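**Q** If you scroll down you'll find the structure; I have some questions about it.
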Amino acid sequence: MGKELLTAAAGETLLLLGNEAIARGALEGGVRFVTCYPGTPSSEVPDTFFRLSKDGPYYFEYSVNEKVALEVAGGATLAGLPALVTMKHVGVNVAADPLMTLAYVTAPGGLILLSADDPGCHSSQNEQDNRIYARLGGLPCFEPATAQECKDMARDALLLSRSLEAPVLLRTTTRVNHVRGPVTFGALPDTPAAKLFAKNPAKYVPLPASARPMHVRLLERLEKAREAAETSPYNTERGTGEVGFIASGAARNYLADVLEEDGLEGTVRVLDLGMSYPLPENRIAEFLGKCRKVVIVEELEPVLENEIRALAQKRGISVEIIGKGPHLPRLGEYATVNVRAAVNATLGRETAAVETLSVPVDLPKRPPNLCAGCPHRAAYYAVREVFGDEAVYSSDIGCYTLGFLPPFRAADFLLCMGSSISAGAGFARASGKPVVAFIGDSTFFHSGITGLIDAVAYNHDILIVILDNRTTAMTGHQPNPGVDTTIFGENPNPVDLSALIRACGITPVKVNPLNHKATIAALTEFAGQSGPRVLIAEYPCPIHARRVGQAKKTPPARVTGDPAACLTVRDTLACPAFAMVEGVFTINAEQCDGCMYCVQLSADIKPGKKEAR
Amino acid sequence: MNRARIFLTGVGGQGTLTATTLLARTALAAGLPVTAGEIHGMAQRGGVVESTILIGGYKSPVISKGEADVLLGFELLETLRALPMLKRGGVVVGNSESVQPVGVCLGRECYPPLDAVLETARGFAARVVMVPCISLAEQAGTAKAANMVLIAAAAACGALPFGVDALIRSVEKYLKPKIVPLNLKALELGAAAAATGQAA
């Protein structure tokens, strides 16, 4: 999606990704300040803003982490500008400290926090339900289900936030972020005037004495937000009868498709909750009063279910409430198949068995893999060669998490973004075993550096390998503070990783991981030492280098000697460019990136000729 | 064809998502209500990429097992793996050629033969069309256009609610001008191969 997001007029309809629609919606809401830390499934929202940032009427940054992103945007909204902060669900944990108090301090210019949740763990380490953060922090919460709603709710959440001066949670899930559908545009507003900041410490500085009245005002704002929810056009009712369904988020889609496909539309009552917090209590109570039986359809935690049960009890409404159970589990994503089973069970209908083809269970797997030419593969190979199974490997969040897979098996534990150094240090202290921590450049800036400072301060015995591929590769090559280039050209202010580490009190050793001999030499020397040590394995991600036009074109490697003699390299390096053709080892010239690492490991593999490509 | 659930599966880097977007845009241009979805996991190359296109007013972008009217398989093994998504009487249009997963390259796992895929699908599917997408794309100029060969084959054999002409218009409208001729050639070869593929 190109500049249409900035230029298309009201009334135009375009096919948009949910995340692109969120960007347009925020623009329609007058957003002027966007910060983020990328994280799948949220990444395309900031990536869209980044791509358009030269022409867009807003300030944009990829912040160093989620806490910083929320704090920077928090300052901007205090200065009166409408702001958007984007992250994935686990990122909100990082930002939780400022978030809880920002709701007290208020967001005069307006502020949306996009939390992209991931039911089903498509690309995440857990499937926490961030609607609970709305309750914890006192944030009104919107849950879009379609691309059109992504756009509309981003706009209206920002407008509501600006009018209430309260931060608002826009909570999506992977399916919604990555849905693609037609979106009819609204108008782009003129630049909203920044609300002038008037100094007022009692209002904006949460010392205990001022925080107590701030909490009172927060609850008052929530009551106003509840009134907005009572009349919100995103909370809609349809159908008749004495069986009702209350649905939120993506679950609304599954319910709608089942009712439509099974000819039930209209025969049951449905209350769709698009603005789901604060609970529109009157509206829900009225709905409950019309039903004999109500099913709550929501993915993950029984958040609405528990609140609605409590509401029915409080209002003395006698209605059977059905929630989490065999058909509506507390984990994973929903789909029409389980919602259909829940609908039929409620209505006393039979669910016909779905006929499916079965396929062999032992098909070859296709796990995500380090790319051909990835410098991380070389770094893992060398660390394995020197440390083998003796060391314990502390892993982190990024492409290099794929080092978990065989043949490297270089991930023994992992907690969260930035934990490899600190968790590894604790493990080393407790076990006395050699520990190697792997962390990427972006992750090191995100929150690895605090672990390093701790390791220096307490002399933890750990070898830290920073896999510096000069970009944030896993989430789609976003720039980080250390990069040399972005899609817009040179980074004018790169943070010097080596100097930063030196300032912490450690002189790091830097190697090109694709140089096998040099890397082995550095690692062997480190193996004989103790205390905190840092190896920077620096080489650009080949995909990113190609994208920014910095890749050197090297011809693919080829087997010139005995293919049978290469099998050890095949099994220990496991490069995706390796192939067996009719039982004979070969290197796929299409796949090979020309990194020449395997050439250093086998006398039977040689660089190809230049003209071969 | 008023309503259809189309399930697409392939390998990261094959252009499955590009094809998905192009098909969804083509459907929209044809005035059909469309919802599409994608799961690309951790943005990594080489893993399985699955996407969906639902035409005719569905709201959910998810397709459950046994629900797909059409299965478009950009890679042979992934087509086999995704066959449980197909509903009885659905249509399979697939690439008869392979992208070897690492376990196969390493000689630890065996790649299933084309005949095994055909055997499994036949009898359950109404129609199975297999086309050598990579070879044909190479004929068009680059293996990267295998995705276009496949969707053209699907359109040509009536598996989609629009024809090859609509795809041609989309390629001309939405792809960078530089790569349009090559992709048009790929569409042409894919459409021509559909007839042969039926017999495969």
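Here, A, B, ... name the chains of the structure tokens in the order displayed, residue numbers run from 1 inside each chain, and ligands are numbered from 1 in the same displayed order.
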Counting only C-alpha atoms, a student should be able to say which residues of chain B come within 7 Å of chain A; what is the right answer, written as an MDAnalysis selection string?
**A** chainID B and resid 25 34:38 41:48 58:62 64:66 81 83:84 86:88 101:103 105:107 109:111
**Q** Which residues are close to A:Gly241, i.e. within 12 Å by only C-alpha atoms, leaving aside same-chain residues fewer than 4 positions away? Reply as a PyMOL selection string.
**A** chain A and resi 245+264-270+287-294+347
**Q** Write out as an mmCIF file with N, CA, C and O atoms, in the first residue's frame each polymer residue whose atoms come within 6 Å of B:Ser96, counting only C-alpha atoms; drop sequence neighbours fewer than 2 positions from it.
**A**
```cif
data_model
loop_
_atom_site.group_PDB
_atom_site.id
_atom_site.type_symbol
_atom_site.label_atom_id
_atom_site.label_comp_id
_atom_site.auth_asym_id
_atom_site.auth_seq_id
_atom_site.Cartn_x
_atom_site.Cartn_y
_atom_site.Cartn_z
ATOM 1 N N LEU B 76 4.351 -28.691 -3.427
ATOM 2 C CA LEU B 76 3.708 -30.006 -3.422
ATOM 3 C C LEU B 76 3.497 -30.579 -2.018
ATOM 4 O O LEU B 76 2.397 -31.008 -1.666
ATOM 5 N N MET B 130 -2.693 -30.334 -11.383
ATOM 6 C CA MET B 130 -1.295 -30.145 -10.967
ATOM 7 C C MET B 130 -0.473 -29.587 -12.126
ATOM 8 O O MET B 130 -0.511 -30.128 -13.235
ATOM 9 N N VAL B 131 0.257 -28.525 -11.838
ATOM 10 C CA VAL B 131 0.992 -27.816 -12.883
ATOM 11 C C VAL B 131 2.450 -27.626 -12.423
ATOM 12 O O VAL B 131 2.684 -27.291 -11.264
ATOM 13 N N PRO B 132 3.410 -27.839 -13.316
ATOM 14 C CA PRO B 132 4.816 -27.632 -12.927
ATOM 15 C C PRO B 132 5.153 -26.138 -12.881
ATOM 16 O O PRO B 132 5.730 -25.586 -13.823
#
```
**Q** Give me the residues within 9 Å of stretch 59-74 of chain A as an NGL selection string, counting only C-alpha atoms and dropping any in the same chain fewer than 3 places off.
**A** :A and (32-38 or 46 or 49-50 or 53 or 56 or 77-79 or 81-87 or 91-99 or 102 or 106-107 or 111 or 113 or 442-443 or 445-447 or 478-481)
**Q** Need to verify the contact set: A:Asp272, 8 Å, only C-alpha atoms, exclusion of same-chain residues closer than 4 positions in sequence. Can you return it as an MDAnalysis selection string?
**A** chainID A and resid 234:237 246:248 252
**Q** Grab the residues selected above and save them as a compact mmCIF listing (two decimals), in the first residue's frame with N, CA, C and O atoms.
**A**
```
# COMPACT_ATOMS: atom_id res chain seq x y z
N TYR A 234 -20.46 0.86 18.01
CA TYR A 234 -19.77 -0.43 17.88
C TYR A 234 -20.40 -1.51 18.75
O TYR A 234 -19.99 -2.66 18.70
N ASN A 235 -21.34 -1.12 19.61
CA ASN A 235 -22.05 -2.10 20.42
C ASN A 235 -23.47 -2.21 19.86
O ASN A 235 -24.28 -1.32 20.04
N THR A 236 -23.71 -3.29 19.13
CA THR A 236 -24.96 -3.38 18.38
C THR A 236 -25.72 -4.66 18.72
O THR A 236 -25.12 -5.67 19.07
N GLU A 237 -27.04 -4.58 18.57
CA GLU A 237 -27.88 -5.72 18.88
C GLU A 237 -28.69 -6.09 17.65
O GLU A 237 -29.10 -5.22 16.89
N ILE A 246 -23.43 -12.93 23.33
CA ILE A 246 -22.67 -11.69 23.46
C ILE A 246 -21.26 -12.00 23.01
O ILE A 246 -20.62 -12.92 23.53
N ALA A 247 -20.79 -11.28 22.00
CA ALA A 247 -19.48 -11.61 21.42
C ALA A 247 -18.61 -10.37 21.31
O ALA A 247 -19.11 -9.26 21.15
N SER A 248 -17.28 -10.60 21.40
CA SER A 248 -16.35 -9.48 21.25
C SER A 248 -15.19 -9.88 20.36
O SER A 248 -14.92 -11.07 20.17
N ARG A 252 -16.65 -12.29 17.11
CA ARG A 252 -17.86 -11.79 16.47
C ARG A 252 -17.96 -12.30 15.04
O ARG A 252 -19.05 -12.59 14.54
```
**Q** May I have the residues within 10 Å of A:Lys433 as a PyMOL selection string, using only C-alpha atoms and disregarding those fewer than 6 positions away in the same chain?
**A** chain A and resi 390-392+427+461-462
**Q** Run DSSP on the backbone and tell me which residues of stretch 8-156 of chain B come out as helix (DSSP H, G or I); list them as a PyMOL selection string.
**A** chain B and resi 16-29+76-85+102-105+114-121+133-140+143-156
**Q** Residues within 6 Å of B:Lys185, please, as JSON, numbers by chain. Count only C-alpha atoms; anything in the same chain fewer than 3 positions from it doesn't count.
**A** {"B": [140, 182, 188]}
**Q** Running DSSP on the backbone, which parts of stretch 248-280 of chain A land in strand (DSSP E), as a list of chain:residue names?
**A**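 For stretch 248-280 of chain A, the strand (DSSP E) set is A:Ser248, A:Arg269, A:Val270, A:Leu271, A:Asp272, A:Leu273, A:Met275, A:Ser276, A:Tyr277.
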**Q** Residues as selected, N, CA and C atoms, written as a JSON list (two decimals), in the first residue's frame, can you do that?
**A**
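Just written: result18.json:
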```json
[["chain", "number", "residue", "atom", "x", "y", "z"],
["A", 248, "SER", "N", -17.28, -10.60, 21.40],
["A", 248, "SER", "CA", -16.35, -9.48, 21.25],
["A", 248, "SER", "C", -15.19, -9.88, 20.36],
["A", 269, "ARG", "N", -30.76, -13.84, 19.51],
["A", 269, "ARG", "CA", -30.32, -12.46, 19.75],
["A", 269, "ARG", "C", -28.79, -12.41, 19.80],
["A", 270, "VAL", "N", -28.25, -11.35, 19.25],
["A", 270, "VAL", "CA", -26.79, -11.17, 19.30],
["A", 270, "VAL", "C", -26.49, -9.76, 19.78],
["A", 271, "LEU", "N", -25.59, -9.67, 20.76],
["A", 271, "LEU", "CA", -25.07, -8.36, 21.16],
["A", 271, "LEU", "C", -23.58, -8.36, 20.86],
["A", 272, "ASP", "N", -23.19, -7.55, 19.88],
["A", 272, "ASP", "CA", -21.78, -7.42, 19.51],
["A", 272, "ASP", "C", -21.16, -6.31, 20.34],
["A", 273, "LEU", "N", -20.05, -6.62, 20.99],
["A", 273, "LEU", "CA", -19.37, -5.59, 21.77],
["A", 273, "LEU", "C", -18.06, -5.22, 21.08],
["A", 275, "MET", "N", -16.82, -1.88, 21.48],
["A", 275, "MET", "CA", -16.20, -1.11, 22.57],
["A", 275, "MET", "C", -16.57, -1.85, 23.84],
["A", 276, "SER", "N", -15.62, -2.65, 24.31],
["A", 276, "SER", "CA", -15.97, -3.67, 25.30],
["A", 276, "SER", "C", -15.63, -3.27, 26.74],
["A", 277, "TYR", "N", -14.91, -2.16, 26.93],
["A", 277, "TYR", "CA", -14.61, -1.70, 28.29],
["A", 277, "TYR", "C", -14.57, -0.19, 28.30]]
```
**Q** Between atom CA of A:Gly608 and atom CA of A:Ala557, what is the distance, to one decimal in Å?
**A**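 Spanning atom CA of A:Gly608 to atom CA of A:Ala557 is a straight-line distance of 5.0 Å.
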**Q** Restricting the calculation to only C-alpha atoms: of A:Ile520, A:Ala428, A:Met417, A:Ile536, which residue gets closest to A:Asp496?
**A** A:Ile536
**Q** Find the distance between atom CA of A:Cys150 and atom CA of A:Thr191 and write it in Å to one decimal.
**A**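 Interatomic distance, atom CA of A:Cys150 to atom CA of A:Thr191: 21.6 Å.
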**Q** Measure the distance from atom CA of B:Ala27 to atom CA of A:Val183 in Å and round it to one decimal.
**A**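 One can read the atom CA of B:Ala27 to atom CA of A:Val183 distance as 14.2 Å.
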